[in-house]
file entry36.cif (mmCIF, C-alpha atoms)
data_my_file
loop_
_atom_site.group_PDB
_atom_site.id
_atom_site.type_symbol
_atom_site.label_atom_id
_atom_site.label_comp_id
_atom_site.auth_asym_id
_atom_site.auth_seq_id
_atom_site.Cartn_x
_atom_site.Cartn_y
_atom_site.Cartn_z
ATOM 1 C CA MET Z 188 -23.989 -18.686 -17.025
ATOM 2 C CA LEU Z 189 -21.266 -21.231 -16.268
ATOM 3 C CA ALA Z 190 -22.517 -23.893 -13.841
ATOM 4 C CA LYS Z 191 -20.377 -24.998 -10.911
ATOM 5 C CA GLY Z 192 -17.977 -27.683 -12.124
ATOM 6 C CA GLY Z 193 -18.692 -26.792 -15.756
ATOM 7 C CA ASN Z 194 -16.061 -25.732 -18.261
ATOM 8 C CA CYS Z 195 -15.737 -24.156 -21.682
ATOM 9 C CA VAL Z 196 -13.047 -23.580 -24.313
ATOM 10 C CA LEU Z 197 -11.481 -20.117 -24.564
ATOM 11 C CA SER Z 198 -10.322 -18.495 -27.777
ATOM 12 C CA GLY Z 199 -6.777 -18.135 -26.476
ATOM 13 C CA GLY Z 200 -6.655 -14.332 -26.375
ATOM 14 C CA ARG Z 201 -6.307 -12.126 -23.316
ATOM 15 C CA VAL Z 202 -8.854 -12.725 -20.558
ATOM 16 C CA GLU Z 203 -10.137 -10.417 -17.820
ATOM 17 C CA ILE Z 204 -11.895 -11.902 -14.786
ATOM 18 C CA ARG Z 205 -13.777 -9.400 -12.639
ATOM 19 C CA VAL Z 206 -14.744 -10.670 -9.167
ATOM 20 C CA GLY Z 207 -17.443 -9.159 -6.945
ATOM 21 C CA VAL Z 208 -19.577 -10.124 -3.948
ATOM 22 C CA VAL Z 209 -23.352 -9.742 -3.769
ATOM 23 C CA ASP Z 210 -24.594 -8.796 -0.266
ATOM 24 C CA GLY Z 211 -21.050 -8.587 1.071
ATOM 25 C CA PRO Z 212 -17.979 -6.331 1.234
ATOM 26 C CA PRO Z 213 -15.572 -6.170 -1.736
ATOM 27 C CA PRO Z 214 -13.144 -9.120 -1.614
ATOM 28 C CA ARG Z 215 -9.368 -9.183 -1.913
ATOM 29 C CA VAL Z 216 -8.520 -10.867 -5.225
ATOM 30 C CA LEU Z 217 -5.481 -13.035 -5.937
ATOM 31 C CA ALA Z 218 -4.284 -15.452 -8.627
ATOM 32 C CA VAL Z 219 -1.863 -18.351 -8.384
ATOM 33 C CA GLY Z 220 -0.131 -20.341 -11.125
ATOM 34 C CA LEU Z 221 0.263 -24.070 -10.394
ATOM 35 C CA ASP Z 222 2.162 -26.890 -12.060
ATOM 36 C CA VAL Z 223 0.678 -30.182 -13.314
ATOM 37 C CA ASN Z 224 0.672 -31.497 -9.714
ATOM 38 C CA GLY Z 225 -1.281 -28.518 -8.410
ATOM 39 C CA ARG Z 226 1.786 -27.131 -6.614
ATOM 40 C CA LEU Z 227 3.219 -23.618 -6.411
ATOM 41 C CA ARG Z 228 6.710 -23.529 -7.966
ATOM 42 C CA ASP Z 229 7.850 -20.317 -6.234
ATOM 43 C CA GLY Z 230 6.451 -17.125 -4.761
ATOM 44 C CA ARG Z 231 6.552 -15.236 -8.048
ATOM 45 C CA ASP Z 232 3.644 -17.350 -9.330
ATOM 46 C CA LEU Z 233 1.390 -15.981 -6.543
ATOM 47 C CA VAL Z 234 0.031 -12.528 -7.500
ATOM 48 C CA VAL Z 235 -2.081 -10.256 -5.291
ATOM 49 C CA SER Z 236 -3.688 -6.873 -5.811
ATOM 50 C CA GLY Z 237 -1.169 -4.075 -6.311
ATOM 51 C CA ALA Z 238 1.850 -6.394 -6.576
ATOM 52 C CA ASP Z 239 4.067 -6.910 -9.605
ATOM 53 C CA PRO Z 240 2.769 -9.220 -12.363
ATOM 54 C CA SER Z 241 3.796 -12.869 -12.366
ATOM 55 C CA ALA Z 242 7.385 -13.737 -13.341
ATOM 56 C CA ASP Z 243 6.346 -14.541 -16.919
ATOM 57 C CA GLY Z 244 4.294 -11.321 -17.195
ATOM 58 C CA ALA Z 245 1.116 -13.280 -18.001
ATOM 59 C CA VAL Z 246 -0.917 -12.547 -14.834
ATOM 60 C CA GLU Z 247 -1.741 -9.151 -13.327
ATOM 61 C CA VAL Z 248 -4.131 -8.484 -10.420
ATOM 62 C CA THR Z 249 -5.945 -5.226 -9.648
ATOM 63 C CA GLU Z 250 -8.327 -4.468 -6.793
ATOM 64 C CA ASP Z 251 -11.244 -6.490 -8.178
ATOM 65 C CA SER Z 252 -10.008 -8.220 -11.319
ATOM 66 C CA VAL Z 253 -7.381 -10.527 -12.805
ATOM 67 C CA ARG Z 254 -5.932 -10.088 -16.307
ATOM 68 C CA ILE Z 255 -4.364 -13.143 -17.930
ATOM 69 C CA ASP Z 256 -2.592 -13.468 -21.282
ATOM 70 C CA PRO Z 257 -2.534 -17.244 -21.950
ATOM 71 C CA ALA Z 258 0.075 -16.809 -24.705
ATOM 72 C CA LEU Z 259 2.610 -15.600 -22.128
ATOM 73 C CA VAL Z 260 1.996 -18.239 -19.441
ATOM 74 C CA ASP Z 261 5.183 -20.169 -18.655
ATOM 75 C CA PRO Z 262 5.160 -23.757 -20.028
ATOM 76 C CA GLY Z 263 5.657 -25.060 -16.484
ATOM 77 C CA ILE Z 264 2.300 -23.595 -15.409
ATOM 78 C CA ALA Z 265 -0.627 -25.942 -16.037
ATOM 79 C CA ARG Z 266 -3.392 -23.836 -14.491
ATOM 80 C CA VAL Z 267 -4.089 -20.372 -13.083
ATOM 81 C CA VAL Z 268 -6.540 -20.286 -10.165
ATOM 82 C CA VAL Z 269 -8.417 -17.084 -9.283
ATOM 83 C CA ALA Z 270 -9.496 -16.658 -5.655
ATOM 84 C CA ALA Z 271 -11.314 -14.103 -3.498
ATOM 85 C CA ALA Z 272 -10.599 -13.559 0.207
ATOM 86 C CA THR Z 273 -12.414 -11.652 2.932
ATOM 87 C CA GLY Z 274 -12.053 -11.039 6.656
ATOM 88 C CA ARG Z 275 -13.308 -13.060 9.596
ATOM 89 C CA GLN Z 276 -16.920 -12.397 8.574
ATOM 90 C CA GLY Z 277 -16.499 -14.895 5.715
ATOM 91 C CA PHE Z 278 -18.718 -15.393 2.661
ATOM 92 C CA ALA Z 279 -21.750 -16.888 4.465
ATOM 93 C CA GLY Z 280 -25.004 -15.575 2.968
ATOM 94 C CA THR Z 281 -23.275 -14.013 -0.056
ATOM 95 C CA GLU Z 282 -22.741 -14.765 -3.732
ATOM 96 C CA VAL Z 283 -19.309 -14.498 -5.342
ATOM 97 C CA ARG Z 284 -19.825 -13.477 -8.975
ATOM 98 C CA SER Z 285 -16.988 -13.839 -11.509
ATOM 99 C CA VAL Z 286 -17.450 -12.288 -14.957
ATOM 100 C CA VAL Z 287 -14.967 -13.605 -17.528
ATOM 101 C CA ARG Z 288 -14.454 -11.576 -20.731
ATOM 102 C CA GLY Z 289 -12.119 -12.100 -23.671
ATOM 103 C CA ASP Z 290 -12.215 -11.715 -27.466
ATOM 104 C CA GLY Z 291 -15.954 -11.031 -27.554
ATOM 105 C CA GLU Z 292 -16.767 -13.920 -25.185
ATOM 106 C CA GLU Z 293 -18.384 -13.499 -21.778
ATOM 107 C CA PHE Z 294 -19.037 -16.128 -19.123
ATOM 108 C CA VAL Z 295 -20.523 -15.625 -15.660
ATOM 109 C CA ALA Z 296 -19.776 -17.964 -12.740
ATOM 110 C CA VAL Z 297 -21.859 -17.504 -9.570
ATOM 111 C CA SER Z 298 -20.648 -19.259 -6.409
ATOM 112 C CA SER Z 299 -22.890 -19.460 -3.322
ATOM 113 C CA GLY Z 300 -23.995 -21.684 -0.435
ATOM 114 C CA PHE Z 301 -21.013 -20.809 1.757
ATOM 115 C CA THR Z 302 -20.926 -21.248 5.536
ATOM 116 C CA ALA Z 303 -17.607 -20.453 7.206
ATOM 117 C CA GLU Z 304 -15.374 -19.944 4.131
ATOM 118 C CA THR Z 305 -13.098 -16.878 4.239
ATOM 119 C CA LEU Z 306 -11.336 -17.645 0.940
ATOM 120 C CA VAL Z 307 -13.096 -18.937 -2.198
ATOM 121 C CA ARG Z 308 -11.568 -20.364 -5.376
ATOM 122 C CA THR Z 309 -13.825 -18.914 -8.063
ATOM 123 C CA VAL Z 310 -12.600 -20.044 -11.514
ATOM 124 C CA GLU Z 311 -9.462 -21.430 -13.116
ATOM 125 C CA LEU Z 312 -7.862 -21.392 -16.563
ATOM 126 C CA TYR Z 313 -6.156 -24.675 -17.444
ATOM 127 C CA ARG Z 314 -4.366 -26.251 -20.396
ATOM 128 C CA HIS Z 315 -6.113 -29.111 -22.193
ATOM 129 C CA GLN Z 316 -4.749 -30.689 -25.376
ATOM 130 C CA GLY Z 317 -2.945 -27.513 -26.408
ATOM 131 C CA ARG Z 318 -5.903 -25.211 -25.714
ATOM 132 C CA TRP Z 319 -6.991 -23.119 -22.744
ATOM 133 C CA LYS Z 320 -10.264 -23.907 -20.983
ATOM 134 C CA LEU Z 321 -12.221 -22.188 -18.221
ATOM 135 C CA ARG Z 322 -13.646 -24.111 -15.247
ATOM 136 C CA HIS Z 323 -16.016 -22.866 -12.519
ATOM 137 C CA LEU Z 324 -14.685 -24.050 -9.118
ATOM 138 C CA GLY Z 325 -16.772 -22.344 -6.409
ATOM 139 C CA ASP Z 326 -15.164 -23.983 -3.344
ATOM 140 C CA GLY Z 327 -13.262 -22.474 -0.451
ATOM 141 C CA TYR Z 328 -11.469 -22.659 2.882
ATOM 142 C CA ALA Z 329 -12.638 -21.731 6.372
ATOM 143 C CA ASP Z 330 -9.001 -21.045 7.343
ATOM 144 C CA GLY Z 331 -8.471 -18.699 4.404
ATOM 145 C CA ILE Z 332 -5.003 -18.262 2.907
ATOM 146 C CA THR Z 333 -3.629 -20.905 5.304
ATOM 147 C CA GLY Z 334 -5.848 -23.561 3.715
ATOM 148 C CA LEU Z 335 -4.896 -22.522 0.192
ATOM 149 C CA ALA Z 336 -1.193 -22.512 1.090
ATOM 150 C CA ARG Z 337 -1.540 -26.017 2.524
ATOM 151 C CA ASP Z 338 -3.113 -27.376 -0.676
ATOM 152 C CA ILE Z 339 -0.508 -25.857 -3.005
ATOM 153 C CA GLY Z 340 2.446 -27.266 -1.071
ATOM 154 C CA LEU Z 341 3.263 -24.586 1.513
ATOM 155 C CA GLU Z 342 1.898 -26.252 4.647
ATOM 156 C CA LEU Z 343 3.140 -24.652 7.863
ATOM 157 C CA PRO Z 344 3.570 -27.119 10.759
ATOM 158 C CA PRO Z 345 1.345 -25.870 13.619
ATOM 159 C CA VAL Z 346 3.445 -24.545 16.481
ATOM 160 C CA SER Z 347 1.409 -26.624 18.956
ATOM 161 C CA GLN Z 348 2.509 -29.827 17.179
ATOM 162 C CA ALA Z 349 6.208 -29.034 17.179
ATOM 163 C CA GLN Z 350 8.392 -31.842 18.530
ATOM 164 C CA PRO Z 351 8.740 -31.483 22.330
ATOM 165 C CA LEU Z 352 12.095 -30.681 23.830
ATOM 166 C CA THR Z 353 12.846 -34.091 25.336
ATOM 167 C CA PRO Z 354 16.336 -34.774 26.713
ATOM 168 C CA ALA Z 355 18.628 -37.179 24.926
ATOM 169 C CA PRO Z 356 19.045 -40.640 26.504
ATOM 170 C CA PRO Z 357 21.861 -40.801 29.042
ATOM 171 C CA ALA Z 358 25.186 -41.940 27.688
ATOM 172 C CA GLU Z 359 26.637 -45.210 28.842
ATOM 173 C CA PRO Z 360 29.302 -44.794 31.579
ATOM 174 C CA MET Z 361 32.814 -44.676 30.222
ATOM 175 C CA PRO Z 362 35.393 -47.191 31.429
ATOM 176 C CA PRO Z 363 38.059 -45.943 33.851
ATOM 177 C CA MET Z 364 40.908 -44.210 32.109
ATOM 178 C CA PRO Z 365 44.536 -44.513 33.182
ATOM 179 C CA PRO Z 366 46.006 -41.400 34.752
ATOM 180 C CA ASP Z 367 47.624 -40.321 31.499
ATOM 181 C CA PRO Z 368 47.618 -36.509 31.011
ATOM 182 C CA THR Z 369 47.541 -36.878 27.224
ATOM 183 C CA ALA Z 370 44.371 -39.010 27.446
ATOM 184 C CA ARG Z 371 42.333 -36.538 29.527
ATOM 185 C CA THR Z 372 41.718 -34.218 26.576
ATOM 186 C CA SER Z 373 40.414 -37.073 24.373
ATOM 187 C CA ALA Z 374 38.113 -38.386 27.129
ATOM 188 C CA ALA Z 375 36.684 -34.911 27.753
ATOM 189 C CA ALA Z 376 35.930 -34.533 24.020
ATOM 190 C CA GLU Z 377 34.029 -37.856 24.002
ATOM 191 C CA ARG Z 378 31.985 -36.891 27.057
ATOM 192 C CA SER Z 379 30.959 -33.627 25.360
ATOM 193 C CA THR Z 380 29.337 -35.416 22.380
ATOM 194 C CA PRO Z 381 25.868 -36.054 23.975
ATOM 195 C CA ALA Z 382 25.729 -32.449 25.181
ATOM 196 C CA MET Z 383 26.468 -31.203 21.682
ATOM 197 C CA ARG Z 384 23.650 -33.370 20.279
ATOM 198 C CA VAL Z 385 21.175 -31.991 22.820
ATOM 199 C CA MET Z 386 22.327 -28.439 22.096
ATOM 200 C CA GLY Z 387 21.884 -28.932 18.334
ATOM 201 C CA PHE Z 388 18.396 -30.368 18.916
ATOM 202 C CA VAL Z 389 17.347 -27.447 21.143
ATOM 203 C CA ILE Z 390 18.697 -24.853 18.701
ATOM 204 C CA GLY Z 391 16.953 -26.529 15.744
ATOM 205 C CA ILE Z 392 13.578 -26.673 17.542
ATOM 206 C CA ALA Z 393 13.954 -23.048 18.662
ATOM 207 C CA ILE Z 394 14.569 -21.925 15.057
ATOM 208 C CA MET Z 395 11.556 -23.907 13.781
ATOM 209 C CA VAL Z 396 9.187 -22.603 16.479
ATOM 210 C CA PHE Z 397 10.436 -19.009 16.189
ATOM 211 C CA PHE Z 398 10.176 -18.606 12.417
ATOM 212 C CA GLY Z 399 7.101 -20.870 12.142
ATOM 213 C CA GLY Z 400 5.345 -18.852 14.844
ATOM 214 C CA ILE Z 401 6.127 -15.544 13.128
ATOM 215 C CA ALA Z 402 4.862 -16.863 9.767
ATOM 216 C CA PHE Z 403 1.668 -18.242 11.368
ATOM 217 C CA MET Z 404 0.966 -14.996 13.220
ATOM 218 C CA GLY Z 405 1.555 -13.045 10.004
ATOM 219 C CA LEU Z 406 -1.222 -15.009 8.256
ATOM 220 C CA SER Z 407 -3.639 -14.654 11.186
ATOM 221 C CA GLU Z 408 -6.276 -11.931 10.979
ATOM 222 C CA ASP Z 409 -5.514 -8.835 13.093
ATOM 223 C CA ASP Z 410 -8.631 -8.156 15.184
ATOM 224 C CA SER Z 411 -7.342 -4.702 16.148
ATOM 225 C CA GLY Z 412 -7.829 -3.352 12.608
ATOM 226 C CA VAL Z 413 -5.675 -2.082 9.736
ATOM 227 C CA ARG Z 414 -2.289 -0.810 10.876
ATOM 228 C CA CYS Z 415 -0.108 1.955 9.475
ATOM 229 C CA GLY Z 416 3.194 1.213 11.153
ATOM 230 C CA THR Z 417 2.258 0.757 14.816
ATOM 231 C CA GLU Z 418 -0.957 2.796 14.628
ATOM 232 C CA VAL Z 419 -4.461 1.444 13.925
ATOM 233 C CA MET Z 420 -6.136 3.345 11.089
ATOM 234 C CA ASP Z 421 -9.669 4.747 11.208
ATOM 235 C CA ALA Z 422 -11.913 4.671 8.144
ATOM 236 C CA ASP Z 423 -10.870 8.161 6.907
ATOM 237 C CA ASP Z 424 -7.157 7.974 7.867
ATOM 238 C CA ILE Z 425 -4.330 8.289 5.324
ATOM 239 C CA CYS Z 426 -1.134 6.286 5.838
ATOM 240 C CA VAL Z 427 2.062 8.119 4.817
ATOM 241 C CA THR Z 428 5.127 5.853 4.377
ATOM 242 C CA ASN Z 429 8.836 6.734 4.510
ATOM 243 C CA ASN Z 430 8.917 7.355 0.753
ATOM 244 C CA SER Z 431 6.036 9.861 1.149
ATOM 245 C CA ALA Z 432 3.545 7.502 -0.522
ATOM 246 C CA ARG Z 433 -0.025 8.031 0.701
ATOM 247 C CA HIS Z 434 -2.572 5.223 1.062
ATOM 248 C CA ASN Z 435 -6.137 5.151 2.319
ATOM 249 C CA ARG Z 436 -7.337 2.463 4.723
ATOM 250 C CA ASP Z 437 -8.378 -0.056 2.007
ATOM 251 C CA GLU Z 438 -5.102 0.392 0.117
ATOM 252 C CA GLN Z 439 -3.084 -0.060 3.317
ATOM 253 C CA GLU Z 440 -5.056 -3.216 4.154
ATOM 254 C CA ASP Z 441 -4.105 -4.679 0.734
ATOM 255 C CA ILE Z 442 -0.445 -3.717 1.295
ATOM 256 C CA ASN Z 443 -0.452 -5.394 4.717
ATOM 257 C CA GLU Z 444 -2.052 -8.529 3.256
ATOM 258 C CA ARG Z 445 0.629 -8.793 0.551
ATOM 259 C CA GLY Z 446 3.334 -8.345 3.138
ATOM 260 C CA ASN Z 447 1.839 -11.159 5.227
ATOM 261 C CA ILE Z 448 1.722 -13.542 2.249
ATOM 262 C CA PHE Z 449 5.287 -12.904 1.093
ATOM 263 C CA GLY Z 450 6.543 -12.965 4.683
ATOM 264 C CA PHE Z 451 4.910 -16.367 4.983
ATOM 265 C CA LEU Z 452 6.694 -17.625 1.839
ATOM 266 C CA CYS Z 453 10.069 -16.431 3.178
ATOM 267 C CA LEU Z 454 9.748 -17.674 6.774
ATOM 268 C CA VAL Z 455 8.451 -21.200 6.130
ATOM 269 C CA PRO Z 456 11.776 -22.428 4.610
ATOM 270 C CA LEU Z 457 13.633 -21.058 7.655
ATOM 271 C CA ALA Z 458 11.289 -22.974 9.977
ATOM 272 C CA LEU Z 459 11.884 -26.147 7.957
ATOM 273 C CA VAL Z 460 15.666 -25.631 8.210
ATOM 274 C CA GLY Z 461 15.304 -25.506 11.989
ATOM 275 C CA GLY Z 462 13.360 -28.783 11.936
ATOM 276 C CA ALA Z 463 16.079 -30.368 9.783
ATOM 277 C CA ILE Z 464 18.774 -29.253 12.256
ATOM 278 C CA ALA Z 465 16.828 -30.771 15.164
ATOM 279 C CA VAL Z 466 16.257 -34.107 13.388
ATOM 280 C CA GLY Z 467 19.871 -34.250 12.203
ATOM 281 C CA SER Z 468 21.122 -33.712 15.759
ATOM 282 C CA LEU Z 469 19.076 -36.645 17.071
ATOM 283 C CA MET Z 470 20.117 -38.965 14.220
ATOM 284 C CA LYS Z 471 23.836 -38.164 14.428
ATOM 285 C CA ASP Z 472 25.864 -41.108 15.711
ATOM 286 C CA PRO Z 473 28.004 -40.388 18.802
ATOM 287 C CA ASP Z 474 31.735 -40.165 18.159
#
call {"tool": "encode", "arguments": {"input": "entry36.cif", "output": "structure tokens"}}
result
Amino acid sequence: MLAKGGNCVLSGGRVEIRVGVVDGPPPRVLAVGLDVNGRLRDGRDLVVSGADPSADGAVEVTEDSVRIDPALVDPGIARVVVAAATGRQGFAGTEVRSVVRGDGEEFVAVSSGFTAETLVRTVELYRHQGRWKLRHLGDGYADGITGLARDIGLELPPVSQAQPLTPAPPAEPMPPMPPDPTARTSAAAERSTPAMRVMGFVIGIAIMVFFGGIAFMGLSEDDSGVRCGTEVMDADDICVTNNSARHNRDEQEDINERGNIFGFLCLVPLALVGGAIAVGSLMKDPD
């Protein structure tokens, strides 16, 4: 039994980590590779059940387990964190049990004492002086994948805290211009500069709020249930997609969860671009 916070040296061969919940529903398992600063380099280092393996081919996730080949882990990855997620009911009153097997070794890490956590980091493999070690983490987040994303460098600015749409300060009155027809065009162009700054600010904020809101809503739990297209699935329903693939309700829930995570990774940069446009418009000097 591996105590919380404890660690041990691994042999270096392939490792399988099977995650289960005692007195609770089966969790959704994921694994994420982080650099030496604990940051996610890109979306390919985040692997969920049913998705393709990591970019280096070292990490693969099934419904309830993670398979890791330390020999294949990219040199830029310093640690691989295994996590378990559940719905709004959370892990309160349950035990998350992680059984780690590899090259004849077996370690068991039991995490408990949860209150409102909906995502739990169970164990991690990390490099130490040229060898791989296993550490029992056993902590979690009440806000689920949003909390994990925030800690690994993918924080989404809350829509409610977006910069308000305040008007630009009024421009100073221009001096009288002589009645020269050739000068009217130049004066009109100068008067349009403040309006262009306000327009750029409004467009930038709109982009940030739009894409940030979509990403945030994608990560939020859907209280209406598991959807197949626009329909809510019952427990015995089968979802048939355009390519004639058939999925039961649990499989479709995993597919929807993966779509939400990767949608989040794609939309956050667009929201940040909108924020950059808005800030750049305010900081631009008038002509």
call {"tool": "closest_atom_pairs", "arguments": {"input": "entry36.cif", "of": "segment 258-310 of chain Z", "to": "segment 189-192 of chain Z", "cutoff": "8 Å", "atoms": "all atoms listed in the file", "output": "JSON lines"}}
result
{"residue": "Z:Phe294", "atom": "CA", "partner": "Z:Leu189", "partner_atom": "CA", "distance": 6.3}
{"residue": "Z:Val295", "atom": "CA", "partner": "Z:Leu189", "partner_atom": "CA", "distance": 5.7}
{"residue": "Z:Ala296", "atom": "CA", "partner": "Z:Leu189", "partner_atom": "CA", "distance": 5.0}
{"residue": "Z:Val297", "atom": "CA", "partner": "Z:Leu189", "partner_atom": "CA", "distance": 7.7}
{"residue": "Z:Ser298", "atom": "CA", "partner": "Z:Lys191", "partner_atom": "CA", "distance": 7.3}
call {"tool": "closest_residue", "arguments": {"input": "entry36.cif", "among": "Z:Gly237, Z:Glu282, Z:Val466, Z:Leu312", "to": "His434 of chain Z", "atoms": "all atoms listed in the file"}}
result
Z:Gly237
call {"tool": "closest_residue", "arguments": {"input": "entry36.cif", "among": "Z:Arg275, Z:Ile339, Z:Ala432, Z:Arg308", "to": "Gly412 of chain Z", "atoms": "only C-alpha atoms"}}
result
Z:Arg275
call {"tool": "closest_residue", "arguments": {"input": "entry36.cif", "among": "Z:Ala336, Z:Ala279, Z:Leu321, Z:Val253", "to": "Pro240 of chain Z", "atoms": "all atoms listed in the file"}}
result
Z:Val253
call {"tool": "atom_distance", "arguments": {"input": "entry36.cif", "atom1": "atom CA of Gly340 of chain Z", "atom2": "atom CA of Leu459 of chain Z"}}
result
13.1 Å
call {"tool": "residues_near_point", "arguments": {"input": "entry36.cif", "point": "(-11.4, -24.9, -18.4)", "cutoff": "9 Å", "atoms": "all atoms listed in the file", "output": "JSON, numbers by chain"}}
result
{"Z": [193, 194, 195, 196, 197, 266, 310, 311, 312, 313, 314, 315, 319, 320, 321, 322, 323]}
call {"tool": "atom_distance", "arguments": {"input": "entry36.cif", "atom1": "atom CA of Pro257 of chain Z", "atom2": "atom CA of Met188 of chain Z"}}
result
22.1 Å
call {"tool": "residues_near_point", "arguments": {"input": "entry36.cif", "point": "(2.7, -26.7, -5.6)", "cutoff": "10 Å", "atoms": "all atoms listed in the file", "output": "list in words"}}
result
Val219, Gly220, Leu221, Asp222, Val223, Asn224, Gly225, Arg226, Leu227, Arg228, Asp229, Ala336, Arg337, Asp338, Ile339, Gly340 and Leu341 of chain Z
call {"tool": "residues_around", "arguments": {"input": "entry36.cif", "residues": "Gly331 of chain Z", "least_positions_apart": "4", "cutoff": "8 Å", "atoms": "only C-alpha atoms", "output": "list of chain:residue names"}}
result
Z:Ala272, Z:Glu304, Z:Thr305, Z:Leu306, Z:Gly327, Z:Leu335
call {"tool": "residues_around", "arguments": {"input": "entry36.cif", "residues": "Arg205 of chain Z", "least_positions_apart": "3", "cutoff": "9 Å", "atoms": "all atoms listed in the file", "output": "PyMOL selection string"}}
result
chain Z and resi 251-254+284-288
call {"tool": "atom_distance", "arguments": {"input": "entry36.cif", "atom1": "atom CA of Met383 of chain Z", "atom2": "atom CA of Cys453 of chain Z"}}
result
28.8 Å
call {"tool": "closest_residue", "arguments": {"input": "entry36.cif", "among": "Z:Arg384, Z:Arg215, Z:Arg201, Z:Arg436", "to": "Thr249 of chain Z", "atoms": "only C-alpha atoms"}}
result
Z:Arg215
call {"tool": "closest_residue", "arguments": {"input": "entry36.cif", "among": "Z:Asp441, Z:Thr380, Z:Pro262, Z:Asp423", "to": "Leu217 of chain Z", "atoms": "all atoms listed in the file"}}
result
Z:Asp441
call {"tool": "resolve_selection", "arguments": {"input": "entry36.cif", "expression": "the PyMOL selection byres ((chain Z and resi 440) around 12)", "output": "MDAnalysis selection string"}}
result
chainID Z and resid 214:215 236:237 250 273:274 408:409 412:416 419:422 424:426 434:439 441:447
